[in-house]
file run00.txt (compact mmCIF, C-alpha atoms and all ligand atoms)
# COMPACT_ATOMS: atom_id res chain seq x y z
CA MET A 1 0.00 0.00 0.00
CA ARG A 2 1.83 3.08 -1.24
CA ILE A 3 0.72 6.63 -0.65
CA LEU A 4 2.17 9.70 -2.34
CA ALA A 5 1.88 12.50 0.23
CA ILE A 6 2.16 16.23 -0.44
CA GLU A 7 2.73 18.98 2.14
CA SER A 8 2.69 22.70 1.30
CA SER A 9 1.15 24.45 4.32
CA CYS A 10 3.94 26.93 5.01
CA ASP A 11 7.39 27.47 3.53
CA GLU A 12 8.41 23.91 2.67
CA THR A 13 7.29 22.14 -0.50
CA ALA A 14 7.43 18.45 0.38
CA ALA A 15 6.50 15.12 -1.16
CA ALA A 16 7.02 11.58 0.09
CA VAL A 17 6.13 8.01 -0.77
CA VAL A 18 5.20 6.00 2.31
CA GLU A 19 4.51 2.27 2.30
CA ASP A 20 1.97 0.78 4.73
CA GLY A 21 2.17 3.89 6.93
CA ARG A 22 5.55 2.74 8.21
CA THR A 23 8.25 2.64 5.57
CA VAL A 24 9.41 5.93 4.06
CA LEU A 25 10.45 5.06 0.50
CA SER A 26 11.32 8.70 -0.16
CA SER A 27 10.94 12.09 1.51
CA VAL A 28 11.83 15.24 -0.40
CA VAL A 29 11.70 18.69 1.19
CA ALA A 30 12.39 21.89 -0.77
CA SER A 31 12.92 24.72 1.68
CA GLN A 32 12.08 28.30 0.76
CA ILE A 33 14.14 29.77 3.60
CA GLU A 34 16.44 31.70 1.28
CA THR A 35 13.47 33.42 -0.39
CA HIS A 36 11.99 34.60 2.90
CA GLN A 37 15.23 35.31 4.75
CA LYS A 38 15.66 38.85 3.47
CA TYR A 39 12.19 39.73 4.83
CA GLY A 40 12.90 38.22 8.25
CA GLY A 41 9.91 35.85 8.05
CA VAL A 42 7.55 34.00 5.71
CA VAL A 43 5.85 36.21 3.09
CA PRO A 44 2.60 34.40 2.12
CA GLU A 45 2.48 35.54 -1.54
CA LEU A 46 6.10 34.50 -2.11
CA ALA A 47 5.42 31.16 -0.42
CA SER A 48 2.59 30.37 -2.89
CA ARG A 49 4.75 31.34 -5.85
CA GLU A 50 7.65 29.18 -4.65
CA HIS A 51 5.32 26.21 -4.09
CA MET A 52 4.06 26.55 -7.68
CA ARG A 53 7.63 26.51 -8.91
CA ALA A 54 8.75 23.59 -6.74
CA ILE A 55 5.77 21.23 -6.65
CA THR A 56 6.34 19.35 -9.94
CA PRO A 57 10.09 18.70 -9.48
CA VAL A 58 9.58 17.78 -5.81
CA VAL A 59 6.82 15.25 -6.56
CA ASP A 60 8.81 13.79 -9.48
CA GLU A 61 11.88 13.50 -7.27
CA ALA A 62 9.87 11.69 -4.58
CA LEU A 63 8.78 9.06 -7.10
CA THR A 64 12.26 8.73 -8.58
CA ARG A 65 13.91 8.32 -5.17
CA ALA A 66 11.27 5.77 -4.15
CA GLY A 67 12.04 3.92 -7.38
CA ILE A 68 8.39 3.46 -8.27
CA ALA A 69 6.15 4.34 -11.20
CA TRP A 70 2.88 6.31 -11.02
CA SER A 71 0.99 3.06 -11.63
CA GLU A 72 2.38 1.61 -8.38
CA LEU A 73 0.65 4.23 -6.19
CA ASP A 74 -2.53 3.35 -4.28
CA ALA A 75 -3.58 6.82 -3.12
CA VAL A 76 -2.54 10.48 -2.94
CA ALA A 77 -2.64 12.44 0.33
CA CYS A 78 -2.28 16.15 0.93
CA THR A 79 -2.29 18.60 3.81
CA TYR A 80 -5.50 20.66 3.57
CA GLY A 81 -4.99 22.83 6.68
CA PRO A 82 -4.16 24.61 8.86
CA GLY A 83 -1.64 26.92 7.19
CA LEU A 84 -1.29 29.68 4.63
CA LEU A 85 -4.29 29.47 2.31
CA GLY A 86 -2.44 30.21 -0.94
CA ALA A 87 0.30 27.76 -0.01
CA LEU A 88 -2.15 24.98 0.93
CA LEU A 89 -4.06 25.50 -2.32
CA VAL A 90 -1.02 24.55 -4.39
CA GLY A 91 -0.66 21.14 -2.70
CA VAL A 92 -4.39 20.43 -2.58
CA THR A 93 -4.91 21.32 -6.26
CA TYR A 94 -1.89 19.31 -7.36
CA ALA A 95 -3.02 16.25 -5.37
CA LYS A 96 -6.52 16.49 -6.86
CA ALA A 97 -5.11 16.75 -10.38
CA ILE A 98 -3.04 13.57 -9.91
CA CYS A 99 -6.05 11.71 -8.49
CA LYS A 100 -8.24 12.82 -11.36
CA ALA A 101 -5.65 11.92 -14.00
CA ARG A 102 -4.75 8.53 -12.56
CA GLY A 103 -8.04 7.50 -10.97
CA LEU A 104 -6.57 7.37 -7.47
CA PRO A 105 -8.36 8.07 -4.17
CA LEU A 106 -7.60 11.35 -2.37
CA ILE A 107 -6.88 11.57 1.36
CA ALA A 108 -7.07 14.90 3.22
CA VAL A 109 -4.74 15.25 6.21
CA ASN A 110 -4.70 17.84 8.98
CA HIS A 111 -1.14 19.20 9.28
CA LEU A 112 -1.22 18.80 13.08
CA GLU A 113 -2.27 15.17 12.83
CA GLY A 114 0.70 14.80 10.49
CA HIS A 115 3.11 16.16 13.11
CA ILE A 116 1.79 13.63 15.65
CA HIS A 117 2.21 10.82 13.11
CA ALA A 118 5.85 11.75 12.58
CA VAL A 119 6.36 10.10 15.97
CA VAL A 120 4.06 7.14 15.28
CA LEU A 121 5.93 6.52 12.02
CA GLU A 122 9.29 6.17 13.76
CA HIS A 123 8.07 4.72 17.05
CA PRO A 124 5.20 2.34 16.24
CA GLN A 125 5.31 1.19 19.86
CA THR A 126 3.99 4.60 21.05
CA ALA A 127 1.20 3.59 23.41
CA LEU A 128 -2.06 5.51 23.71
CA PRO A 129 -3.51 7.44 25.44
CA ALA A 130 -0.72 9.96 25.07
CA LEU A 131 -0.03 13.62 25.65
CA ALA A 132 1.12 15.28 22.43
CA LEU A 133 2.83 18.66 22.37
CA ILE A 134 3.01 20.18 18.90
CA VAL A 135 5.54 22.97 19.11
CA SER A 136 6.48 24.79 15.91
CA GLY A 137 6.60 28.18 14.23
CA GLY A 138 2.82 28.28 13.97
CA HIS A 139 1.65 26.12 16.88
CA THR A 140 2.12 25.43 20.55
CA HIS A 141 -0.75 23.04 21.19
CA LEU A 142 -1.04 20.31 23.77
CA TYR A 143 -3.43 17.43 23.03
CA HIS A 144 -4.69 14.40 24.85
CA VAL A 145 -4.56 11.63 22.24
CA ARG A 146 -7.06 8.97 23.17
CA GLY A 147 -7.01 5.38 21.81
CA ASP A 148 -7.87 5.24 18.09
CA PHE A 149 -6.44 8.74 17.65
CA GLU A 150 -9.23 10.89 19.00
CA TYR A 151 -7.81 14.27 19.96
CA GLU A 152 -8.76 16.62 22.77
CA LEU A 153 -7.11 20.03 22.87
CA ILE A 154 -6.00 20.66 26.45
CA SER A 155 -4.11 23.92 26.12
CA ARG A 156 -2.56 26.19 23.54
CA THR A 157 -0.64 29.40 23.28
CA ARG A 158 -2.67 32.55 23.81
CA ASP A 159 -0.33 34.58 21.60
CA ASP A 160 2.96 33.62 19.90
CA ALA A 161 3.93 30.03 19.16
CA ALA A 162 7.21 28.94 20.78
CA GLY A 163 9.02 28.80 17.41
CA GLU A 164 7.69 32.24 16.55
CA ALA A 165 9.07 33.55 19.86
CA TYR A 166 12.46 31.99 19.03
CA ASP A 167 12.45 33.58 15.57
CA LYS A 168 11.35 37.01 16.84
CA VAL A 169 13.89 37.07 19.67
CA ALA A 170 16.62 35.99 17.25
CA LYS A 171 15.61 38.78 14.87
CA LEU A 172 15.75 41.34 17.70
CA LEU A 173 19.30 40.20 18.38
CA GLY A 174 20.37 40.47 14.72
CA PHE A 175 20.30 36.77 13.77
CA PRO A 176 18.85 35.67 10.39
CA TYR A 177 15.52 33.85 9.91
CA PRO A 178 14.77 31.26 11.17
CA GLY A 179 16.67 32.03 14.37
CA GLY A 180 15.39 29.10 16.48
CA PRO A 181 18.15 26.65 15.49
CA ILE A 182 20.86 29.34 15.96
CA LEU A 183 19.72 30.28 19.48
CA ASP A 184 19.60 26.57 20.33
CA LYS A 185 23.24 26.13 19.23
CA LEU A 186 24.39 29.20 21.21
CA ALA A 187 22.40 28.50 24.39
CA PRO A 188 24.99 26.08 25.89
CA TYR A 189 27.55 28.91 25.90
CA GLY A 190 25.59 31.10 28.33
CA ASP A 191 24.29 30.93 31.90
CA PRO A 192 20.64 29.76 31.79
CA HIS A 193 20.03 31.63 35.06
CA GLY A 194 21.94 34.76 34.00
CA VAL A 195 18.80 36.75 33.19
CA ARG A 196 15.63 36.38 35.25
CA PHE A 197 12.32 36.41 33.37
CA THR A 198 9.02 36.57 35.21
CA ARG A 199 6.69 33.74 34.26
CA ALA A 200 3.38 34.44 32.55
CA ASN A 201 0.54 34.26 35.05
CA MET A 202 -2.32 32.67 33.12
CA LYS A 203 -5.86 33.70 33.91
CA GLY A 204 -8.44 31.09 32.91
CA ASN A 205 -6.80 27.85 31.74
CA ALA A 206 -3.61 27.74 33.81
CA LEU A 207 -2.21 25.20 31.37
CA ASP A 208 -2.26 27.61 28.43
CA PHE A 209 1.02 28.97 27.09
CA SER A 210 2.09 32.56 26.46
CA PHE A 211 5.34 33.67 24.87
CA SER A 212 4.73 37.28 23.84
CA GLY A 213 5.58 38.60 27.34
CA LEU A 214 8.91 36.80 27.18
CA LYS A 215 9.63 38.32 23.77
CA THR A 216 8.80 41.80 25.15
CA ALA A 217 11.09 41.17 28.13
CA VAL A 218 13.92 40.41 25.69
CA LEU A 219 13.11 43.62 23.80
CA ARG A 220 13.33 45.62 27.06
CA TRP A 221 16.65 43.92 27.84
CA THR A 222 18.06 44.93 24.44
CA GLU A 223 16.92 48.53 25.04
CA ALA A 224 18.64 48.59 28.43
CA HIS A 225 21.95 47.18 27.16
CA PRO A 226 24.42 48.77 24.71
CA ILE A 227 24.39 46.02 22.08
CA ALA A 228 23.84 47.99 18.84
CA ASP A 229 27.36 47.19 17.59
CA GLU A 230 27.12 43.45 18.15
CA ILE A 231 23.67 43.37 16.52
CA ALA A 232 25.13 45.13 13.46
CA ALA A 233 28.02 42.64 13.40
CA ARG A 234 25.61 39.69 13.48
CA ARG A 235 23.46 41.21 10.74
CA ARG A 236 26.55 41.38 8.54
CA LEU A 237 27.25 37.67 9.05
CA GLY A 238 23.86 36.29 7.95
CA SER A 239 23.05 32.63 7.33
CA GLY A 240 25.71 29.97 6.77
CA THR A 241 27.68 31.27 9.78
CA THR A 242 29.36 28.77 12.12
CA VAL A 243 28.80 28.63 15.89
CA GLU A 244 32.36 29.89 16.47
CA GLU A 245 31.72 32.88 14.21
CA TRP A 246 28.46 33.70 16.03
CA LEU A 247 30.21 33.39 19.39
CA ALA A 248 32.94 35.82 18.27
CA VAL A 249 30.29 38.56 17.92
CA THR A 250 28.12 37.51 20.86
CA PRO A 251 29.55 38.63 24.24
CA THR A 252 28.81 36.94 27.57
CA ALA A 253 25.84 39.15 28.52
CA THR A 254 24.01 38.28 25.29
CA ARG A 255 24.97 34.61 25.55
CA ASN A 256 23.41 34.60 29.03
CA LEU A 257 20.28 36.23 27.65
CA ILE A 258 19.98 33.55 24.95
CA ALA A 259 20.59 30.70 27.42
CA SER A 260 18.03 32.16 29.87
CA PHE A 261 15.45 32.64 27.12
CA GLN A 262 15.86 29.03 26.01
CA GLN A 263 15.69 27.77 29.60
CA THR A 264 12.47 29.72 30.20
CA VAL A 265 10.81 28.32 27.05
CA ILE A 266 11.84 24.76 27.95
CA ASP A 267 10.55 25.16 31.52
CA GLU A 268 7.23 26.52 30.26
CA LEU A 269 6.78 23.60 27.86
CA LEU A 270 7.88 20.78 30.15
CA SER A 271 6.18 22.05 33.32
CA ARG A 272 2.77 21.88 31.57
CA ILE A 273 3.46 18.33 30.40
CA GLY A 274 4.67 17.35 33.89
CA LYS A 275 1.46 18.64 35.53
CA LEU A 276 -0.74 16.92 32.99
CA ALA A 277 1.11 13.62 33.04
CA ALA A 278 0.57 13.58 36.80
CA GLU A 279 -3.17 14.28 36.43
CA HIS A 280 -4.06 12.19 33.37
CA PRO A 281 -3.30 8.50 33.10
CA VAL A 282 -1.26 8.48 29.86
CA GLU A 283 1.04 5.82 28.46
CA SER A 284 3.41 8.11 26.59
CA VAL A 285 4.39 11.69 25.79
CA ILE A 286 4.90 12.91 22.21
CA ILE A 287 6.84 16.10 21.45
CA THR A 288 6.82 17.09 17.79
CA GLY A 289 7.06 20.08 15.40
CA GLY A 290 10.05 22.25 14.43
CA VAL A 291 10.95 23.26 18.00
CA ALA A 292 11.15 19.55 18.89
CA CYS A 293 14.57 19.72 17.15
CA ASN A 294 15.78 21.81 20.09
CA ALA A 295 18.72 20.06 21.74
CA GLY A 296 18.10 21.73 25.11
CA LEU A 297 14.46 20.62 25.09
CA ARG A 298 15.43 17.03 24.22
CA GLN A 299 18.03 16.95 26.98
CA ALA A 300 15.69 18.42 29.59
CA ALA A 301 12.87 16.07 28.54
CA ALA A 302 15.19 13.07 28.87
CA GLN A 303 15.99 14.13 32.45
CA SER A 304 12.42 14.90 33.45
CA ARG A 305 10.49 12.31 35.34
CA PHE A 306 7.11 12.02 33.68
CA GLY A 307 6.95 8.32 34.51
CA VAL A 308 6.17 7.38 30.88
CA PRO A 309 8.30 7.20 27.72
CA ILE A 310 8.83 10.46 25.79
CA TYR A 311 9.05 10.28 22.00
CA PHE A 312 10.52 12.86 19.65
CA PRO A 313 10.75 12.43 15.87
CA THR A 314 14.27 12.57 14.41
CA PRO A 315 15.03 16.21 13.46
CA GLY A 316 14.27 15.64 9.73
CA LEU A 317 10.76 14.51 10.63
CA SER A 318 10.24 17.15 13.35
CA THR A 319 10.12 20.07 10.93
CA ASP A 320 7.58 20.15 8.12
CA ASN A 321 7.77 17.15 5.77
CA ALA A 322 5.43 14.96 3.75
CA ALA A 323 6.38 11.56 5.23
CA MET A 324 4.37 12.43 8.34
CA ILE A 325 1.39 13.25 6.11
CA GLY A 326 1.74 9.85 4.40
CA ALA A 327 1.82 8.12 7.79
CA ALA A 328 -1.35 9.90 8.97
CA ALA A 329 -3.03 9.19 5.62
CA PHE A 330 -2.47 5.43 5.92
CA ARG A 331 -4.82 5.19 8.91
CA LYS A 332 -7.47 7.14 6.98
CA PHE A 333 -6.99 4.86 3.97
CA ARG A 334 -7.61 1.79 6.10
CA ALA A 335 -10.70 3.42 7.59
CA GLY A 336 -11.99 4.27 4.10
CA ASP A 337 -11.87 7.97 4.99
CA PHE A 338 -11.42 9.56 1.55
CA ALA A 339 -11.92 13.13 0.37
CA GLY A 340 -13.92 14.24 -2.66
CA MET A 341 -12.82 16.39 -5.56
CA ASP A 342 -14.62 19.24 -3.76
CA LEU A 343 -11.95 19.24 -1.00
CA ARG A 344 -11.04 22.80 -0.03
CA ALA A 345 -7.91 24.10 1.64
CA LYS A 346 -8.60 25.53 5.10
CA ALA A 347 -6.32 28.16 6.63
CA SER A 348 -7.68 27.48 10.09
CA LEU A 349 -8.56 23.91 10.91
CA ALA A 350 -8.92 22.38 14.33
CA LEU A 351 -7.71 18.88 15.12
O1 LIG B 401 7.35 22.60 12.08
P1 LIG B 401 8.07 23.70 11.36
O2 LIG B 401 9.07 23.30 10.31
O3 LIG B 401 7.08 24.65 10.64
C1 LIG B 401 5.87 25.05 11.20
O4 LIG B 401 4.87 24.27 11.07
O5 LIG B 401 5.89 26.12 11.84
O6 LIG B 401 8.77 24.60 12.48
C2 LIG B 401 9.59 25.70 12.18
C3 LIG B 401 9.92 26.41 13.49
C4 LIG B 401 10.68 27.73 13.29
O7 LIG B 401 10.10 28.71 14.12
C5 LIG B 401 12.10 27.39 13.77
O8 LIG B 401 12.81 28.49 14.29
C6 LIG B 401 11.81 26.38 14.85
O9 LIG B 401 10.75 25.59 14.32
N1 LIG B 401 12.99 25.55 15.13
C7 LIG B 401 13.64 25.58 16.32
C8 LIG B 401 14.72 24.68 16.19
N2 LIG B 401 14.68 24.12 14.93
C9 LIG B 401 13.60 24.66 14.31
N3 LIG B 401 13.42 26.29 17.44
C10 LIG B 401 14.26 26.09 18.47
N4 LIG B 401 15.31 25.24 18.42
C11 LIG B 401 15.58 24.53 17.32
N5 LIG B 401 16.63 23.68 17.29
ZN ZN B 402 4.38 22.23 10.93
call {"tool": "encode", "arguments": {"input": "run00.txt", "output": "structure tokens"}}
result
Amino acid sequence: MRILAIESSCDETAAAVVEDGRTVLSSVVASQIETHQKYGGVVPELASREHMRAITPVVDEALTRAGIAWSELDAVACTYGPGLLGALLVGVTYAKAICKARGLPLIAVNHLEGHIHAVVLEHPQTALPALALIVSGGHTHLYHVRGDFEYELISRTRDDAAGEAYDKVAKLLGFPYPGGPILDKLAPYGDPHGVRFTRANMKGNALDFSFSGLKTAVLRWTEAHPIADEIAARRRLGSGTTVEEWLAVTPTATRNLIASFQQTVIDELLSRIGKLAAEHPVESVIITGGVACNAGLRQAAAQSRFGVPIYFPTPGLSTDNAAMIGAAAFRKFRAGDFAGMDLRAKASLAL
């Protein structure tokens, strides 16, 4: 059973061929980072245009790398939301066109369900019920995943997603987009308790997340410290810079700020999981999405005592990819859950 999966919800054009929901025969990801870098973030119109350009070669490459012909496919899956509408439309329309031309069934996958299946794909032993934290540039959502993959949203960010906070803080400090991975690499060189941030006091659902206050606190810190020269030096370096080169233009005070920011984000994420794991009888914890690549988060999670196994996808499957969409689609295929040719892309879509 082979599914061709297509993902185009944000700034990655991706296609994969997944066999029986388990074996990734190919996974191709074309990143648009370079296009968006000079604007410091994703520009929706440019994203759609880049997807249009990339979709045919990416899908062809996925089939070539899998070593299979079109006639050997059993279904086509695509992400239909949530995400940027124009970006989603490219993948949805392309998937429909293939289905129409080749008489294949279409499977519509929620991007968030895909992120959760990135873990299931690599760790089939993941036992349910589970707590699943999806932590990326667009989401910081915590779900209770019941048996048979029924989802209940327990808490979410009230403002910025964790990855968005990383990228905004990095931008404030003069690092290129996306700054999350750079801050993660520099965090071990600072004192994680060097700068004290006050924790967000949540009214209503105490398990909700909030990262905009933390971002503002970093802004205030930059205003109170004479760091204009180092920011200018970092802006000159841009992407492709090594850790040593970043460190040469990042003095101790700023290193401490970065380490403390990272520590605060990790504490916020893991403390919610810890509380919930104690309250809900779950069999496992899933942490997925771009920020799940974070080395500090992985280390801290490994040391935390949730009492149940914690699963992360490998970094290549943590960020946006189509293999996770193929894995989620397999379950829908088996359940006979197909989409019609009237499938529409949905910018906002709950899980
Ligand atoms: O899942 P993803 O590829 O796209 C979305 O669905 O948003 O996540 C991208 C986000 C970006 O904000 C990026 O800065 C963040 O994940 N990210 C990281 C790391 N690697 C990627 N944030 C912190 N530490 C990392 N190592
Ligand atoms: Zn994502």
call {"tool": "closest_residue", "arguments": {"input": "run00.txt", "among": "A:Pro315, A:Pro188, A:Pro82, A:Pro176", "to": "A:Glu7", "atoms": "only C-alpha atoms"}}
result
A:Pro82
call {"tool": "residues_around", "arguments": {"input": "run00.txt", "residues": "A:Ala253", "least_positions_apart": "2", "cutoff": "12 Å", "atoms": "all atoms listed in the file", "output": "CSV table (one decimal) with C-alpha atoms, in the frame of the given file"}}
result
chain,number,residue,atom,x,y,z
A,187,ALA,CA,22.4,28.5,24.4
A,189,TYR,CA,27.6,28.9,25.9
A,190,GLY,CA,25.6,31.1,28.3
A,191,ASP,CA,24.3,30.9,31.9
A,192,PRO,CA,20.6,29.8,31.8
A,193,HIS,CA,20.0,31.6,35.1
A,194,GLY,CA,21.9,34.8,34.0
A,195,VAL,CA,18.8,36.8,33.2
A,221,TRP,CA,16.6,43.9,27.8
A,222,THR,CA,18.1,44.9,24.4
A,224,ALA,CA,18.6,48.6,28.4
A,225,HIS,CA,22.0,47.2,27.2
A,226,PRO,CA,24.4,48.8,24.7
A,227,ILE,CA,24.4,46.0,22.1
A,230,GLU,CA,27.1,43.4,18.2
A,247,LEU,CA,30.2,33.4,19.4
A,249,VAL,CA,30.3,38.6,17.9
A,250,THR,CA,28.1,37.5,20.9
A,251,PRO,CA,29.6,38.6,24.2
A,255,ARG,CA,25.0,34.6,25.6
A,256,ASN,CA,23.4,34.6,29.0
A,257,LEU,CA,20.3,36.2,27.6
A,258,ILE,CA,20.0,33.6,25.0
A,259,ALA,CA,20.6,30.7,27.4
A,260,SER,CA,18.0,32.2,29.9
call {"tool": "closest_residue", "arguments": {"input": "run00.txt", "among": "A:Val17, A:Ala339, A:Ile286, A:Val265", "to": "ligand LIG 401 (chain B)", "atoms": "all atoms listed in the file"}}
result
A:Val265
call {"tool": "residues_around", "arguments": {"input": "run00.txt", "residues": "stretch 31-41 of chain A", "least_positions_apart": "6", "cutoff": "6 Å", "atoms": "all atoms listed in the file", "output": "number ranges by chain"}}
result
A: 11-12, 177
call {"tool": "closest_atom_pairs", "arguments": {"input": "run00.txt", "of": "chain A", "to": "ligand ZN 402 (chain B)", "cutoff": "9 Å", "atoms": "only C-alpha atoms and all ligand atoms", "output": "Markdown table"}}
result
| residue | atom | partner | partner_atom | distance |
| --- | --- | --- | --- | --- |
| A:Ser9 | CA | B:ZN402 | ZN | 7.7 |
| A:Cys10 | CA | B:ZN402 | ZN | 7.6 |
| A:Gly83 | CA | B:ZN402 | ZN | 8.5 |
| A:His111 | CA | B:ZN402 | ZN | 6.5 |
| A:Leu112 | CA | B:ZN402 | ZN | 6.9 |
| A:Gly114 | CA | B:ZN402 | ZN | 8.3 |
| A:His115 | CA | B:ZN402 | ZN | 6.6 |
| A:Ile134 | CA | B:ZN402 | ZN | 8.3 |
| A:Val135 | CA | B:ZN402 | ZN | 8.3 |
| A:Ser136 | CA | B:ZN402 | ZN | 6.0 |
| A:Gly137 | CA | B:ZN402 | ZN | 7.2 |
| A:Gly138 | CA | B:ZN402 | ZN | 6.9 |
| A:His139 | CA | B:ZN402 | ZN | 7.6 |
| A:Thr288 | CA | B:ZN402 | ZN | 8.9 |
| A:Gly289 | CA | B:ZN402 | ZN | 5.6 |
| A:Gly290 | CA | B:ZN402 | ZN | 6.7 |
| A:Ser318 | CA | B:ZN402 | ZN | 8.1 |
| A:Thr319 | CA | B:ZN402 | ZN | 6.1 |
| A:Asp320 | CA | B:ZN402 | ZN | 4.7 |
| A:Asn321 | CA | B:ZN402 | ZN | 8.0 |
call {"tool": "atom_distance", "arguments": {"input": "run00.txt", "atom1": "atom CA of A:Val120", "atom2": "atom CA of A:Ala66"}}
result
20.8 Å
call {"tool": "atom_distance", "arguments": {"input": "run00.txt", "atom1": "atom CA of A:Arg22", "atom2": "atom CA of A:Leu88"}}
result
24.6 Å
call {"tool": "atom_distance", "arguments": {"input": "run00.txt", "atom1": "atom CA of A:Asn201", "atom2": "atom CA of A:Ala292"}}
result
24.3 Å
call {"tool": "residues_around", "arguments": {"input": "run00.txt", "residues": "A:Ala62", "least_positions_apart": "3", "cutoff": "6 Å", "atoms": "all atoms listed in the file", "output": "ChimeraX atom specification"}}
result
/A:15-16,26,28,59,65
call {"tool": "residues_around", "arguments": {"input": "run00.txt", "residues": "A:Ile154", "least_positions_apart": "5", "cutoff": "9 Å", "atoms": "all atoms listed in the file", "output": "JSON list (two decimals) with C-alpha atoms, keeping the file's coordinate frame"}}
result
[["chain", "number", "residue", "atom", "x", "y", "z"],
["A", 141, "HIS", "CA", -0.75, 23.04, 21.19],
["A", 142, "LEU", "CA", -1.04, 20.31, 23.77],
["A", 143, "TYR", "CA", -3.43, 17.43, 23.03],
["A", 144, "HIS", "CA", -4.69, 14.40, 24.85],
["A", 205, "ASN", "CA", -6.80, 27.85, 31.74],
["A", 207, "LEU", "CA", -2.21, 25.20, 31.37],
["A", 208, "ASP", "CA", -2.26, 27.61, 28.43]]
call {"tool": "closest_residue", "arguments": {"input": "run00.txt", "among": "A:Asp337, A:Asp342, A:Asp184, A:Glu19", "to": "A:Val109", "atoms": "all atoms listed in the file"}}
result
A:Asp337
call {"tool": "closest_residue", "arguments": {"input": "run00.txt", "among": "A:Ile231, A:Ala108, A:Ala30, A:Ile310", "to": "A:Gly174", "atoms": "all atoms listed in the file"}}
result
A:Ile231
call {"tool": "residues_around", "arguments": {"input": "run00.txt", "residues": "A:Gly91", "least_positions_apart": "3", "cutoff": "9 Å", "atoms": "only C-alpha atoms", "output": "list in words"}}
result
Ile6, Glu7, Ser8, Ser9, Thr13, His51, Met52, Ile55, Cys78, Thr79, Tyr80, Ala87, Leu88, Tyr94, Ala95, Lys96 and Ala345 of chain A
